[in-house]
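A.B. asks: This is the structure, below, for whatever I ask next.
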Number of protein chains: 2
Amino acid sequence: MASDELKMDLGRIVQQTMPDIVELRLREYLKEKSFRPGDPLPKEIDLAESLGVSRNVVREALSRLRMLGMVETRKRRGMVLARPDILSSFERVLDPSIIGETTLKDIFELRLVLEMGLAELIYARKTKADVEELKAIALKQMDGKKGSFRVKNEIEFHGKLYEMSGNDTLKRFQNMLLPIFDYVIKTEPKFISGKVSHLDLAELLAKGSKEEFRQGMYEHLKPHFDRLKK
Amino acid sequence: MASDELKMDLGRIVQQTMPDIVELRLREYLKEKSFRPGDPLPKEIDLAESLGVSRNVVREALSRLRMLGMVETRKRRGMVLARPDILSSFERVLDPSIIGETTLKDIFELRLVLEMGLAELIYARKTKADVEELKAIALKQMDGKKGSFRVKNEIEFHGKLYEMSGNDTLKRFQNMLLPIFDYVIKTEPKFISGKVSHLDLAELLAKGSKEEFRQGMYEHLKPHFDRLKK
DNA sequence: TCTTTGAATATGTAGGACATAACTACTATT
DNA sequence: AATAGTAGTTATGTCCTACATATTCAAAGA
């Protein structure tokens, strides 16, 4: 029996299957020929013949590209290159119960980094209406007692901050990271919150400087920062 | 002829193909039964029979999951649930020539946000050796004249910063965003650099506070921040 | 000119066949 | 008895054929 160490050192010989290869070749092909979204692709049979594989194999590869949103197919008309949504592929894989411990930690840290850097975009784009809305969200929290409400409100508040960044991709990204945070929070011994509340942050955003706001955010997230390991 | 706007508003009715449905059902199935990495999956024929579809359809769906690294298959032994690498799926889709203009801009902004927030992790984990190495990289730049070297050195410097974050996922993420930045830079009228140089940043990191470093980073990236649109 | 009808075509799905690798159990050899 | 070799079994990998279905295109009809 091979030791785990040996396994680690040598790695596993992963034999490429035909669909793997075809997927790669197709990707190269699209890049080489600099296909643009909307351009039509050769039909399956031609691809199969050119590559010297069965139509089955080509279809498996195409199925992958279709999943990623790179190609769209319609009957009779054939296939066209499409513009993939970069986040939807990400979403498929983001399952906290499958992701490893280390990656989970990395992603949680990523959130901290994002929220500290977010101040730049927020201060470049925030409007009065935004700040008012944020304040309203923060105020709602004062009434809420139940834990489930707290979590929901937490998400709403921070979500609003991302929204204020004016960066849609970022906002969506945060949105799909939520289950991860949720998972991490749940595995924490207890819910710890920093000295700076949501309302404090909203006030800072209304009247304070970018640096003051960031400092406030740091304090708000401090319990998490304190747990960062060297 | 339908206008592009109308198309955008209504979206296209995308008819779900069988592999689409099967992929979804399999994903649900794995979640419901709370499969863990290493657990064996039923064999293809059984899946096909249970779902009432041909083995072909099941294989297309499985091929997708295999691509994402969610399942691994070995002959005779069957399939097992695996731990997907969350970034590899991302990588497949990150082609600047295909991604839309807006998303491209969003991603570039994401970089700015990351580098501003990165200070937190860097200051929590940096070592003397790291700082020295960073300084060495910054010094190399002084000699270089050619543009290609400048870009390479630029990447090396910022890459080192991500590395110092001690967050592997983040570092890899940055690495795969590089082609995007490259693309954005190339479409810029000219290469503009801020007042604060790499060497300045390295010095700040050695002697300055976290806030000073972040301020330096802001100045370094200032040309980009100035171009942020409301 | 507009509508309708039908043929043509590329993808979608099914099902069967066989190759191949890997596991099992058994056999033979020292 | 321990090891090496052998044959059989099994699930995946690949190929092939057939047909359904949607969509386009063009010809026929009003």
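Residues in the structure tokens are named by chain (A, B, ... in the order shown) and by number from 1 within that chain; ligands are numbered from 1 in the order shown.
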Among segment 25-229 of chain B, which ones does DSSP place in strand (DSSP E), written as a list in words?
C.D. replies: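 Selection result, strand (DSSP E) within segment 25-229 of chain B: Pro40, Leu41, Val71, Glu72, Thr73, Arg74, Gly78, Met79, Val80 and Leu81 of chain B.
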A.B. asks: Output N, CA and C atoms for every residue in the selection just made, as an mmCIF file, in the first residue's frame.
C.D. replies:
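Wrote it out as selection29.cif, contents follow:
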```cif
data_model
loop_
_atom_site.group_PDB
_atom_site.id
_atom_site.type_symbol
_atom_site.label_atom_id
_atom_site.label_comp_id
_atom_site.auth_asym_id
_atom_site.auth_seq_id
_atom_site.Cartn_x
_atom_site.Cartn_y
_atom_site.Cartn_z
ATOM 1 N N PRO B 40 -18.922 7.185 -2.728
ATOM 2 C CA PRO B 40 -19.160 6.628 -4.065
ATOM 3 C C PRO B 40 -20.546 6.964 -4.595
ATOM 4 N N LEU B 41 -20.604 7.230 -5.881
ATOM 5 C CA LEU B 41 -21.885 7.517 -6.534
ATOM 6 C C LEU B 41 -22.426 6.253 -7.194
ATOM 7 N N VAL B 71 -16.767 15.420 -9.335
ATOM 8 C CA VAL B 71 -16.712 13.963 -9.267
ATOM 9 C C VAL B 71 -15.472 13.463 -10.004
ATOM 10 N N GLU B 72 -14.985 12.361 -9.534
ATOM 11 C CA GLU B 72 -13.885 11.702 -10.217
ATOM 12 C C GLU B 72 -14.327 10.295 -10.547
ATOM 13 N N THR B 73 -13.884 9.820 -11.682
ATOM 14 C CA THR B 73 -14.314 8.479 -12.070
ATOM 15 C C THR B 73 -13.097 7.638 -12.386
ATOM 16 N N ARG B 74 -13.222 6.392 -12.000
ATOM 17 C CA ARG B 74 -12.181 5.447 -12.377
ATOM 18 C C ARG B 74 -12.852 4.174 -12.846
ATOM 19 N N GLY B 78 -15.905 2.936 -10.393
ATOM 20 C CA GLY B 78 -17.054 3.822 -10.397
ATOM 21 C C GLY B 78 -16.681 5.250 -10.093
ATOM 22 N N MET B 79 -17.654 5.992 -9.643
ATOM 23 C CA MET B 79 -17.432 7.420 -9.425
ATOM 24 C C MET B 79 -17.463 7.759 -7.948
ATOM 25 N N VAL B 80 -16.683 8.745 -7.598
ATOM 26 C CA VAL B 80 -16.712 9.244 -6.224
ATOM 27 C C VAL B 80 -16.833 10.762 -6.255
ATOM 28 N N LEU B 81 -17.472 11.272 -5.239
ATOM 29 C CA LEU B 81 -17.556 12.722 -5.107
ATOM 30 C C LEU B 81 -16.179 13.250 -4.751
#
```
A.B. asks: Would you mind listing what lies within 12 Å of DG13 of chain D as a list in words, with only C-alpha atoms (C1' of nucleotides) counted and same-chain residues fewer than 2 positions away left out?
C.D. replies: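 The contact residues come out as Gln15, Gln16, Thr17, Met18, Pro19, Asp20, Ser54, Asn56, Val57 and Glu60 of chain A; Glu44, Asn56, Arg59, Ser63, Thr73, Arg74, Lys75 and Arg76 of chain B; DC18, DA19, DT20 and DA21 of chain C; DA11 and DC15 of chain D.
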A.B. asks: Write out, as a Markdown table, each residue of chain B that has an atom at most 6 Å from chain A, together with the closest pair of atoms and their distance in Å to one decimal, counting only C-alpha atoms, rows going by chain and rising number.
C.D. replies:
```
| residue | atom | partner | partner_atom | distance |
| --- | --- | --- | --- | --- |
| B:Glu60 | CA | A:Glu60 | CA | 5.1 |
| B:Arg64 | CA | A:Arg64 | CA | 5.1 |
| B:Arg83 | CA | A:Ile98 | CA | 6.0 |
| B:Ile86 | CA | A:Val93 | CA | 5.9 |
| B:Phe90 | CA | A:Phe90 | CA | 5.7 |
| B:Val93 | CA | A:Ile86 | CA | 5.9 |
| B:Ile98 | CA | A:Arg83 | CA | 6.0 |
| B:Asp106 | CA | A:Asn167 | CA | 5.8 |
| B:Val113 | CA | A:Gly117 | CA | 4.4 |
| B:Leu114 | CA | A:Leu114 | CA | 5.8 |
| B:Met116 | CA | A:Gly117 | CA | 4.8 |
| B:Gly117 | CA | A:Gly117 | CA | 4.1 |
| B:Leu118 | CA | A:Val113 | CA | 5.6 |
| B:Arg125 | CA | A:Lys230 | CA | 5.1 |
| B:Asn167 | CA | A:Asp106 | CA | 5.8 |
| B:Thr169 | CA | A:Asp106 | CA | 6.0 |
| B:Lys230 | CA | A:Arg125 | CA | 5.1 |
```
A.B. asks: Compile the residues of chain C that lie within 12 Å of chain B, evaluated using only C-alpha atoms (C1' of nucleotides), and express the compilation as a ChimeraX atom specification.
C.D. replies: /C:11-16,20-24
A.B. asks: With N, CA and C atoms (P, O5', C5', C4', C3', O3' and C1' of nucleotides) kept, could you save the residues just selected as an mmCIF file, in the first residue's frame?
C.D. replies:
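Output file again-v3.cif is given in full below:
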```cif
data_model
loop_
_atom_site.group_PDB
_atom_site.id
_atom_site.type_symbol
_atom_site.label_atom_id
_atom_site.label_comp_id
_atom_site.auth_asym_id
_atom_site.auth_seq_id
_atom_site.Cartn_x
_atom_site.Cartn_y
_atom_site.Cartn_z
ATOM 1 P P DT C 11 -25.067 21.135 -35.014
ATOM 2 O "O5'" DT C 11 -26.183 20.824 -33.931
ATOM 3 C "C5'" DT C 11 -26.905 21.907 -33.356
ATOM 4 C "C4'" DT C 11 -28.081 21.385 -32.579
ATOM 5 C "C3'" DT C 11 -27.717 20.589 -31.316
ATOM 6 O "O3'" DT C 11 -28.566 21.032 -30.256
ATOM 7 C "C1'" DT C 11 -29.183 19.340 -32.665
ATOM 8 P P DG C 12 -28.392 20.403 -28.786
ATOM 9 O "O5'" DG C 12 -29.514 19.269 -28.767
ATOM 10 C "C5'" DG C 12 -30.871 19.644 -28.558
ATOM 11 C "C4'" DG C 12 -31.701 18.431 -28.183
ATOM 12 C "C3'" DG C 12 -31.150 17.608 -27.027
ATOM 13 O "O3'" DG C 12 -32.232 17.216 -26.194
ATOM 14 C "C1'" DG C 12 -31.355 16.239 -28.940
ATOM 15 P P DT C 13 -31.948 16.435 -24.839
ATOM 16 O "O5'" DT C 13 -32.163 14.939 -25.280
ATOM 17 C "C5'" DT C 13 -33.460 14.526 -25.695
ATOM 18 C "C4'" DT C 13 -33.424 13.082 -26.086
ATOM 19 C "C3'" DT C 13 -32.810 12.128 -25.056
ATOM 20 O "O3'" DT C 13 -33.846 11.292 -24.573
ATOM 21 C "C1'" DT C 13 -32.100 11.628 -27.269
ATOM 22 P P DA C 14 -33.495 10.133 -23.518
ATOM 23 O "O5'" DA C 14 -33.352 8.899 -24.502
ATOM 24 C "C5'" DA C 14 -34.373 8.642 -25.447
ATOM 25 C "C4'" DA C 14 -34.058 7.382 -26.212
ATOM 26 C "C3'" DA C 14 -33.534 6.230 -25.354
ATOM 27 O "O3'" DA C 14 -34.307 5.067 -25.597
ATOM 28 C "C1'" DA C 14 -32.104 6.621 -27.211
ATOM 29 P P DG C 15 -34.233 3.846 -24.600
ATOM 30 O "O5'" DG C 15 -33.256 2.841 -25.351
ATOM 31 C "C5'" DG C 15 -33.475 2.546 -26.717
ATOM 32 C "C4'" DG C 15 -32.262 1.830 -27.258
ATOM 33 C "C3'" DG C 15 -31.627 0.847 -26.264
ATOM 34 O "O3'" DG C 15 -31.665 -0.448 -26.838
ATOM 35 C "C1'" DG C 15 -29.981 2.205 -27.314
ATOM 36 P P DG C 16 -31.122 -1.700 -26.025
ATOM 37 O "O5'" DG C 16 -29.933 -2.178 -26.971
ATOM 38 C "C5'" DG C 16 -30.078 -2.056 -28.390
ATOM 39 C "C4'" DG C 16 -28.720 -2.205 -29.042
ATOM 40 C "C3'" DG C 16 -27.843 -3.305 -28.429
ATOM 41 O "O3'" DG C 16 -27.249 -4.063 -29.467
ATOM 42 C "C1'" DG C 16 -26.671 -1.257 -28.447
ATOM 43 P P DT C 20 -8.725 -1.828 -26.638
ATOM 44 O "O5'" DT C 20 -8.909 -1.339 -25.132
ATOM 45 C "C5'" DT C 20 -9.372 -0.020 -24.890
ATOM 46 C "C4'" DT C 20 -9.388 0.248 -23.396
ATOM 47 C "C3'" DT C 20 -8.257 -0.426 -22.617
ATOM 48 O "O3'" DT C 20 -7.758 0.499 -21.678
ATOM 49 C "C1'" DT C 20 -10.319 -0.976 -21.655
ATOM 50 P P DA C 21 -6.243 0.368 -21.221
ATOM 51 O "O5'" DA C 21 -6.399 0.612 -19.657
ATOM 52 C "C5'" DA C 21 -7.162 1.725 -19.205
ATOM 53 C "C4'" DA C 21 -7.861 1.391 -17.906
ATOM 54 C "C3'" DA C 21 -6.933 0.851 -16.801
ATOM 55 O "O3'" DA C 21 -7.282 1.505 -15.602
ATOM 56 C "C1'" DA C 21 -8.716 -0.648 -17.136
ATOM 57 P P DA C 22 -6.258 1.584 -14.419
ATOM 58 O "O5'" DA C 22 -7.042 0.825 -13.268
ATOM 59 C "C5'" DA C 22 -8.403 1.166 -13.021
ATOM 60 C "C4'" DA C 22 -9.061 0.051 -12.237
ATOM 61 C "C3'" DA C 22 -8.183 -0.569 -11.149
ATOM 62 O "O3'" DA C 22 -9.000 -0.808 -10.020
ATOM 63 C "C1'" DA C 22 -8.973 -2.242 -12.559
ATOM 64 P P DC C 23 -8.327 -0.760 -8.583
ATOM 65 O "O5'" DC C 23 -9.147 -1.880 -7.806
ATOM 66 C "C5'" DC C 23 -10.562 -1.872 -7.919
ATOM 67 C "C4'" DC C 23 -11.064 -3.293 -8.027
ATOM 68 C "C3'" DC C 23 -10.519 -4.249 -6.958
ATOM 69 O "O3'" DC C 23 -11.595 -4.679 -6.143
ATOM 70 C "C1'" DC C 23 -10.518 -5.242 -9.109
ATOM 71 P P DT C 24 -11.270 -5.619 -4.866
ATOM 72 O "O5'" DT C 24 -11.510 -7.080 -5.440
ATOM 73 C "C5'" DT C 24 -12.706 -7.355 -6.157
ATOM 74 C "C4'" DT C 24 -12.822 -8.842 -6.388
ATOM 75 C "C3'" DT C 24 -12.232 -9.702 -5.274
ATOM 76 O "O3'" DT C 24 -13.191 -10.655 -4.842
ATOM 77 C "C1'" DT C 24 -11.258 -10.285 -7.387
#
```
A.B. asks: Tell me the residues of chain D close to chain B, meaning within 12 Å using only C-alpha atoms (C1' of nucleotides), as a ChimeraX atom specification.
C.D. replies: /D:9-14,22
A.B. asks: Can you pull out the residues contacting segment 27-30 of chain D? Cut-off 9 Å, using only C-alpha atoms (C1' of nucleotides), and skip same-chain residues under 4 positions away; I want them as a PyMOL selection string.
C.D. replies: chain C and resi 2-6
A.B. asks: Go ahead and save the picked residues with C-alpha atoms (C1' of nucleotides), as an mmCIF file, in the first residue's frame.
C.D. replies:
```cif
data_model
loop_
_atom_site.group_PDB
_atom_site.id
_atom_site.type_symbol
_atom_site.label_atom_id
_atom_site.label_comp_id
_atom_site.auth_asym_id
_atom_site.auth_seq_id
_atom_site.Cartn_x
_atom_site.Cartn_y
_atom_site.Cartn_z
ATOM 1 C "C1'" DC C 2 -48.687 37.701 -48.050
ATOM 2 C "C1'" DT C 3 -49.653 33.218 -46.113
ATOM 3 C "C1'" DT C 4 -49.197 28.377 -45.927
ATOM 4 C "C1'" DT C 5 -47.082 24.195 -46.583
ATOM 5 C "C1'" DG C 6 -43.502 21.056 -46.870
#
```
A.B. asks: Any idea what's packed within 12 Å of Ile155 of chain A, counting only C-alpha atoms (C1' of nucleotides), ignoring anything in its chain fewer than 6 positions away? Could you give it as an mmCIF file with C-alpha atoms, in the first residue's frame?
C.D. replies:
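This is the output file around.cif:
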```
data_model
loop_
_atom_site.group_PDB
_atom_site.id
_atom_site.type_symbol
_atom_site.label_atom_id
_atom_site.label_comp_id
_atom_site.auth_asym_id
_atom_site.auth_seq_id
_atom_site.Cartn_x
_atom_site.Cartn_y
_atom_site.Cartn_z
ATOM 1 C CA LEU A 134 -28.345 52.280 4.784
ATOM 2 C CA ILE A 137 -31.457 49.314 7.515
ATOM 3 C CA ALA A 138 -29.161 49.844 10.464
ATOM 4 C CA GLN A 141 -31.639 46.143 13.635
ATOM 5 C CA SER A 148 -32.564 34.787 12.462
ATOM 6 C CA PHE A 149 -33.534 38.406 12.044
ATOM 7 C CA LEU A 161 -22.678 48.438 1.099
ATOM 8 C CA TYR A 162 -21.662 46.265 -1.834
ATOM 9 C CA GLU A 163 -24.532 47.662 -3.814
ATOM 10 C CA LYS A 171 -22.263 42.706 -5.574
ATOM 11 C CA GLN A 174 -20.694 38.859 -2.437
ATOM 12 C CA ASN A 175 -24.164 37.480 -2.800
ATOM 13 C CA MET A 176 -22.938 34.059 -3.709
ATOM 14 C CA LEU A 177 -20.373 34.051 -0.976
ATOM 15 C CA LEU A 178 -23.097 34.470 1.619
ATOM 16 C CA PRO A 179 -23.697 30.756 2.164
ATOM 17 C CA PHE A 181 -20.072 33.171 5.542
ATOM 18 C CA ASP A 182 -23.198 31.698 6.958
ATOM 19 C CA HIS A 198 -24.069 49.192 11.829
#
```
A.B. asks: Output as a PyMOL selection string all residues of segment 3-230 of chain A that backbone DSSP marks as alpha helix (DSSP H).
C.D. replies: chain A and resi 4-10+18-32+44-51+55-67+86-93+101-125+128-143+147-164+168-187+198-207+210-226
A.B. asks: Using atom C1' of DT9 of chain C and atom CA of Ala48 of chain A as the two end points, give the distance in Å to one decimal.
C.D. replies: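 So the answer is 17.1 Å.
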A.B. asks: Please measure the separation of atom CA of Glu203 of chain B and atom CA of Lys135 of chain B, giving the value in Å to one decimal.
C.D. replies: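 About the pair atom CA of Glu203 of chain B and atom CA of Lys135 of chain B: they are 7.4 Å apart.
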A.B. asks: Have a look at D:DT17, D:DA7, D:DT24, D:DA2 and name the one nearest to DA10 of chain C; count only C-alpha atoms (C1' of nucleotides).
C.D. replies: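 Of all the options, D:DT24 lies closest to DA10 of chain C.
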A.B. asks: Using only C-alpha atoms (C1' of nucleotides), which residues sit within 7 Å of Pro223 of chain A once same-chain residues fewer than 2 positions away are excluded, as number ranges by chain?
C.D. replies: A: 192-194, 221, 225-227
A.B. asks: Quick one: residues within 10 Å of DT6 of chain D, only C-alpha atoms (C1' of nucleotides), excluding same-chain residues fewer than 4 positions away - as a PyMOL selection string?
C.D. replies: chain C and resi 26-28
A.B. asks: Pull C-alpha atoms (C1' of nucleotides) from the residues just selected and write them as a PDB file, in the first residue's frame.
C.D. replies:
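Output (again.pdb):
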```pdb
ATOM      1  C1'  DC C  26      -8.043 -18.434  -8.028  1.00  0.00           C
ATOM      2  C1'  DT C  27      -3.901 -21.037  -9.503  1.00  0.00           C
ATOM      3  C1'  DA C  28       0.854 -22.101  -9.935  1.00  0.00           C
TER       4       DA C  28
END
```
